Amino acid sequence: MLGTATPDHAASPAPGGALLDARGIAKSLGAGASRIQVIADVGLTVAPGEFVAVVGPSGCGKTTLLMCLAGLYPCDGGTVTCLGRPVHATPPGLSVVFQDYSRSLLPWKSNLENVVFGMRRLTDLSAAARRDAARDLLASVGLSGFQDRYPWQVSGGMQQRVAIARALAARSRLLLLDEPLAAVDAQTRAELQDLLLDLAARYQQSCLLVTHDVDEAVYLADRVVVLSRRPTRVVEEITVPLPKPRDQIATREERHYLDIRHQVLERIRAMKVAA
């Protein structure tokens with residue numbers, strides 16, 4: 001199975017065991033009088049096998065931070081290290097799943113070909129092996145029988161499953177997820193949340209999720225990072241000691257879940273009141 005193989009571009013985690021280590025990140029957007037400081041001083045880490053969720057007030061810079069961590073935006077200050085190497089562009093070993101799945105998939109390629117495209121940096125697989133691995137990955141996200149369809153021929157939830165399979169196809173050690181479930185309906189969102197947890201466990205995948213949904217963050221994460229209003233800083237990091245596997249009904253009724261949800265919401269609400 002492709003997702004459990006060791007990448008030919010694999011590197012060691014940074015000192016201290018972190019796959020991703022960001023320190024003192026600063027970022028402004030715009031120019032001249034319209035220039036706005038979005039991120040002031042953010043530091044965070046993601047350990048091997050860890051699922052970290054980032055939340056904060058609307059407009060605080062969550063997506064901008066993720067783009068900096070992925071090497072898609074240059075930082076104005078601070079450092080980002082992934083797998084022990086400085087990040088100046090999107091590095092091998094890291095994949096990004098975007099919110100707008102309809103624009104991130106290639107509409108002229110079938111679902112199978114989109115997943116195969118995720119393997120373009122791999123050097124140890126023949127064309128036939130790539131297609132076999134892509135079929136396996138599509139099956140792992142519940143899309144057996146849809147490999148020859150095109151993205152525009154399947155639902156939004158299915159398109160996001162294809163995007164997740166393509167990210168896994170790259171054999172990445174770390175997935176950065178930019179509100180990937182925001183554009184799907186509630187039932188599909190719950191199904192995809194459970195899929196993400198299942199895939200993270202199955203492939204020992206480390207994940208960093210940006211989301212505006214506090215319930216989603218607490219349900220999925222091992223640790224929740226709370227950001228301040230713009231210019232954003234980390235104001236709190238909360239460990240989520242809920243057992244895995246998790247359940248959409250039982251987990252959300254647990255006392256620990258409700259306490260952590262309350263703590264995060266109270267933190268964010270206090271910032272809105274202060275504004």
# chains A, B, ... in the order shown; residues from 1 in each chain; ligands from 1

call {"tool": "select_by_dssp", "arguments": {"residues": "region 70-270 of chain A", "states": "helix (DSSP H, G or I)", "output": "JSON, numbers by chain"}}
result
{"A": [101, 102, 103, 104, 111, 112, 113, 114, 115, 116, 117, 127, 128, 129, 130, 131, 132, 133, 134, 135, 136, 137, 138, 139, 140, 151, 152, 153, 156, 157, 158, 159, 160, 161, 162, 163, 164, 165, 166, 167, 168, 169, 186, 187, 188, 189, 190, 191, 192, 193, 194, 195, 196, 197, 198, 199, 200, 201, 202, 214, 215, 216, 217, 218, 219, 220, 251, 252, 253, 255, 256, 257, 258, 259, 260, 261, 262, 263, 264, 265, 266, 267, 268, 269, 270]}

call {"tool": "residues_around", "arguments": {"residues": "Ala200 (chain A)", "least_positions_apart": "6", "cutoff": "8 Å", "atoms": "only C-alpha atoms", "output": "list of chain:residue names"}}
result
A:Gly49, A:Ser206, A:Cys207

call {"tool": "select_by_dssp", "arguments": {"residues": "region 38-139 of chain A", "states": "strand (DSSP E or B)", "output": "ChimeraX atom specification"}}
result
/A:38-46,51-55,77-82,85-86,94-97

call {"tool": "atom_distance", "arguments": {"atom1": "CA of Gln37 (chain A)", "atom2": "CA of Arg229 (chain A)"}}
result
11.2 Å

call {"tool": "closest_residue", "arguments": {"among": "A:Arg85, A:Arg130, A:Arg255, A:Arg166", "to": "Gly118 (chain A)", "atoms": "only C-alpha atoms"}}
result
A:Arg166

call {"tool": "residues_around", "arguments": {"residues": "Ala169 (chain A)", "least_positions_apart": "5", "cutoff": "10 Å", "atoms": "only C-alpha atoms", "output": "PDB file with N, CA, C and O atoms, in the first residue's frame"}}
result
ATOM      1  N   LEU A   2       0.610   2.158  -0.863  1.00  0.00           N
ATOM      2  CA  LEU A   2       1.469   3.330  -1.038  1.00  0.00           C
ATOM      3  C   LEU A   2       1.610   4.143   0.229  1.00  0.00           C
ATOM      4  O   LEU A   2       2.702   4.569   0.592  1.00  0.00           O
ATOM      5  N   GLY A   3       0.507   4.370   0.952  1.00  0.00           N
ATOM      6  CA  GLY A   3       0.528   5.298   2.070  1.00  0.00           C
ATOM      7  C   GLY A   3       1.392   4.872   3.224  1.00  0.00           C
ATOM      8  O   GLY A   3       1.772   5.677   4.049  1.00  0.00           O
ATOM      9  N   SER A  95       2.178  17.967   2.307  1.00  0.00           N
ATOM     10  CA  SER A  95       1.113  18.195   1.333  1.00  0.00           C
ATOM     11  C   SER A  95       0.049  19.103   1.940  1.00  0.00           C
ATOM     12  O   SER A  95      -0.129  19.120   3.165  1.00  0.00           O
ATOM     13  N   ASN A 114      -6.007  12.248 -11.154  1.00  0.00           N
ATOM     14  CA  ASN A 114      -5.695  13.273 -10.166  1.00  0.00           C
ATOM     15  C   ASN A 114      -4.864  12.697  -9.033  1.00  0.00           C
ATOM     16  O   ASN A 114      -3.921  13.344  -8.548  1.00  0.00           O
ATOM     17  N   VAL A 115      -5.190  11.474  -8.591  1.00  0.00           N
ATOM     18  CA  VAL A 115      -4.423  10.849  -7.512  1.00  0.00           C
ATOM     19  C   VAL A 115      -3.036  10.460  -8.009  1.00  0.00           C
ATOM     20  O   VAL A 115      -2.034  10.666  -7.311  1.00  0.00           O
ATOM     21  N   VAL A 116      -2.954   9.918  -9.218  1.00  0.00           N
ATOM     22  CA  VAL A 116      -1.652   9.594  -9.802  1.00  0.00           C
ATOM     23  C   VAL A 116      -0.776  10.843  -9.879  1.00  0.00           C
ATOM     24  O   VAL A 116       0.437  10.797  -9.641  1.00  0.00           O
ATOM     25  N   PHE A 117      -1.395  11.984 -10.189  1.00  0.00           N
ATOM     26  CA  PHE A 117      -0.650  13.247 -10.264  1.00  0.00           C
ATOM     27  C   PHE A 117       0.037  13.562  -8.939  1.00  0.00           C
ATOM     28  O   PHE A 117       1.117  14.164  -8.919  1.00  0.00           O
ATOM     29  N   GLY A 118      -0.565  13.143  -7.829  1.00  0.00           N
ATOM     30  CA  GLY A 118       0.059  13.370  -6.528  1.00  0.00           C
ATOM     31  C   GLY A 118       1.362  12.616  -6.341  1.00  0.00           C
ATOM     32  O   GLY A 118       2.142  12.935  -5.436  1.00  0.00           O
ATOM     33  N   MET A 119       1.642  11.627  -7.195  1.00  0.00           N
ATOM     34  CA  MET A 119       2.861  10.818  -7.082  1.00  0.00           C
ATOM     35  C   MET A 119       3.971  11.300  -8.009  1.00  0.00           C
ATOM     36  O   MET A 119       4.975  10.610  -8.180  1.00  0.00           O
ATOM     37  N   ARG A 120       3.816  12.457  -8.604  1.00  0.00           N
ATOM     38  CA  ARG A 120       4.741  12.888  -9.650  1.00  0.00           C
ATOM     39  C   ARG A 120       6.177  13.034  -9.164  1.00  0.00           C
ATOM     40  O   ARG A 120       7.110  12.965  -9.966  1.00  0.00           O
ATOM     41  N   LEU A 122       7.597  10.996  -6.941  1.00  0.00           N
ATOM     42  CA  LEU A 122       8.117   9.691  -6.541  1.00  0.00           C
ATOM     43  C   LEU A 122       8.892   9.075  -7.696  1.00  0.00           C
ATOM     44  O   LEU A 122       8.503   9.166  -8.851  1.00  0.00           O
ATOM     45  N   ARG A 130       1.798   2.993 -10.043  1.00  0.00           N
ATOM     46  CA  ARG A 130       1.154   4.233  -9.598  1.00  0.00           C
ATOM     47  C   ARG A 130      -0.362   4.145  -9.740  1.00  0.00           C
ATOM     48  O   ARG A 130      -1.107   4.562  -8.853  1.00  0.00           O
ATOM     49  N   ALA A 133      -1.665   1.840  -7.046  1.00  0.00           N
ATOM     50  CA  ALA A 133      -1.649   2.515  -5.745  1.00  0.00           C
ATOM     51  C   ALA A 133      -2.762   3.559  -5.665  1.00  0.00           C
ATOM     52  O   ALA A 133      -3.394   3.729  -4.617  1.00  0.00           O
ATOM     53  N   ALA A 134      -3.019   4.260  -6.778  1.00  0.00           N
ATOM     54  CA  ALA A 134      -4.083   5.264  -6.796  1.00  0.00           C
ATOM     55  C   ALA A 134      -5.444   4.604  -6.598  1.00  0.00           C
ATOM     56  O   ALA A 134      -6.309   5.142  -5.886  1.00  0.00           O
ATOM     57  N   ASP A 136      -5.981   1.880  -4.897  1.00  0.00           N
ATOM     58  CA  ASP A 136      -6.035   1.510  -3.478  1.00  0.00           C
ATOM     59  C   ASP A 136      -6.390   2.715  -2.610  1.00  0.00           C
ATOM     60  O   ASP A 136      -7.186   2.612  -1.666  1.00  0.00           O
ATOM     61  N   LEU A 137      -5.794   3.861  -2.931  1.00  0.00           N
ATOM     62  CA  LEU A 137      -6.059   5.067  -2.144  1.00  0.00           C
ATOM     63  C   LEU A 137      -7.490   5.548  -2.328  1.00  0.00           C
ATOM     64  O   LEU A 137      -8.138   5.965  -1.367  1.00  0.00           O
ATOM     65  N   LEU A 138      -8.001   5.498  -3.536  1.00  0.00           N
ATOM     66  CA  LEU A 138      -9.395   5.873  -3.762  1.00  0.00           C
ATOM     67  C   LEU A 138     -10.326   4.929  -3.001  1.00  0.00           C
ATOM     68  O   LEU A 138     -11.333   5.359  -2.434  1.00  0.00           O
ATOM     69  N   ALA A 163      -9.215  14.799  -3.260  1.00  0.00           N
ATOM     70  CA  ALA A 163      -8.119  15.695  -2.880  1.00  0.00           C
ATOM     71  C   ALA A 163      -7.318  15.107  -1.714  1.00  0.00           C
ATOM     72  O   ALA A 163      -6.080  15.207  -1.675  1.00  0.00           O
ATOM     73  N   ILE A 164      -7.990  14.494  -0.760  1.00  0.00           N
ATOM     74  CA  ILE A 164      -7.298  13.864   0.372  1.00  0.00           C
ATOM     75  C   ILE A 164      -6.477  12.676  -0.116  1.00  0.00           C
ATOM     76  O   ILE A 164      -5.315  12.499   0.290  1.00  0.00           O
TER      77      ILE A 164
END

call {"tool": "closest_residue", "arguments": {"among": "A:Phe51, A:Arg35, A:Leu176, A:Met158", "to": "Cys68 (chain A)", "atoms": "only C-alpha atoms"}}
result
A:Leu176

call {"tool": "residues_around", "arguments": {"residues": "Phe146 (chain A)", "least_positions_apart": "5", "cutoff": "10 Å", "atoms": "only C-alpha atoms", "output": "list in words"}}
result
Ser110, Asn111, Leu112, Arg135, Leu138, Ala139, Pro151, Gln153, Val154, Met158 and Val162 of chain A

call {"tool": "write_last_selection", "arguments": {"atoms": "N, CA, C and O atoms", "output": "PDB file, in the first residue's frame"}}
result
ATOM      1  N   SER A 110      -9.218  12.443 -14.796  1.00  0.00           N
ATOM      2  CA  SER A 110     -10.148  11.629 -14.019  1.00  0.00           C
ATOM      3  C   SER A 110      -9.729  11.635 -12.554  1.00  0.00           C
ATOM      4  O   SER A 110      -8.620  12.074 -12.194  1.00  0.00           O
ATOM      5  N   ASN A 111     -10.603  11.121 -11.696  1.00  0.00           N
ATOM      6  CA  ASN A 111     -10.251  11.021 -10.282  1.00  0.00           C
ATOM      7  C   ASN A 111      -8.983  10.190 -10.097  1.00  0.00           C
ATOM      8  O   ASN A 111      -8.111  10.538  -9.289  1.00  0.00           O
ATOM      9  N   LEU A 112      -8.887   9.089 -10.832  1.00  0.00           N
ATOM     10  CA  LEU A 112      -7.683   8.259 -10.742  1.00  0.00           C
ATOM     11  C   LEU A 112      -6.454   9.040 -11.179  1.00  0.00           C
ATOM     12  O   LEU A 112      -5.410   9.018 -10.504  1.00  0.00           O
ATOM     13  N   ARG A 135      -5.664   3.449  -7.200  1.00  0.00           N
ATOM     14  CA  ARG A 135      -6.919   2.725  -6.988  1.00  0.00           C
ATOM     15  C   ARG A 135      -7.082   2.338  -5.519  1.00  0.00           C
ATOM     16  O   ARG A 135      -8.179   2.447  -4.946  1.00  0.00           O
ATOM     17  N   LEU A 138      -8.001   5.498  -3.536  1.00  0.00           N
ATOM     18  CA  LEU A 138      -9.395   5.873  -3.762  1.00  0.00           C
ATOM     19  C   LEU A 138     -10.326   4.929  -3.001  1.00  0.00           C
ATOM     20  O   LEU A 138     -11.333   5.359  -2.434  1.00  0.00           O
ATOM     21  N   ALA A 139      -9.974   3.649  -2.949  1.00  0.00           N
ATOM     22  CA  ALA A 139     -10.775   2.706  -2.166  1.00  0.00           C
ATOM     23  C   ALA A 139     -10.721   3.063  -0.686  1.00  0.00           C
ATOM     24  O   ALA A 139     -11.730   2.963   0.026  1.00  0.00           O
ATOM     25  N   PRO A 151     -13.767  14.983 -11.710  1.00  0.00           N
ATOM     26  CA  PRO A 151     -14.210  15.691 -10.499  1.00  0.00           C
ATOM     27  C   PRO A 151     -15.577  16.350 -10.643  1.00  0.00           C
ATOM     28  O   PRO A 151     -16.380  16.319  -9.707  1.00  0.00           O
ATOM     29  N   GLN A 153     -18.024  15.359 -12.169  1.00  0.00           N
ATOM     30  CA  GLN A 153     -19.096  14.373 -12.270  1.00  0.00           C
ATOM     31  C   GLN A 153     -19.480  13.754 -10.926  1.00  0.00           C
ATOM     32  O   GLN A 153     -20.351  12.884 -10.888  1.00  0.00           O
ATOM     33  N   VAL A 154     -18.824  14.196  -9.843  1.00  0.00           N
ATOM     34  CA  VAL A 154     -19.123  13.652  -8.518  1.00  0.00           C
ATOM     35  C   VAL A 154     -19.438  14.800  -7.562  1.00  0.00           C
ATOM     36  O   VAL A 154     -19.203  15.972  -7.872  1.00  0.00           O
ATOM     37  N   MET A 158     -17.275  14.013  -2.435  1.00  0.00           N
ATOM     38  CA  MET A 158     -16.427  13.065  -3.156  1.00  0.00           C
ATOM     39  C   MET A 158     -15.184  13.754  -3.703  1.00  0.00           C
ATOM     40  O   MET A 158     -14.080  13.193  -3.684  1.00  0.00           O
ATOM     41  N   VAL A 162     -11.215  12.847  -3.071  1.00  0.00           N
ATOM     42  CA  VAL A 162     -10.170  12.711  -4.087  1.00  0.00           C
ATOM     43  C   VAL A 162      -8.957  13.576  -3.715  1.00  0.00           C
ATOM     44  O   VAL A 162      -7.800  13.138  -3.828  1.00  0.00           O
TER      45      VAL A 162
END

call {"tool": "closest_residue", "arguments": {"among": "A:Ala31, A:Ala183, A:Ala165, A:Pro74", "to": "Ser102 (chain A)", "atoms": "only C-alpha atoms"}}
result
A:Ala183

call {"tool": "atom_distance", "arguments": {"atom1": "CA of Leu195 (chain A)", "atom2": "CA of Ile249 (chain A)"}}
result
15.4 Å
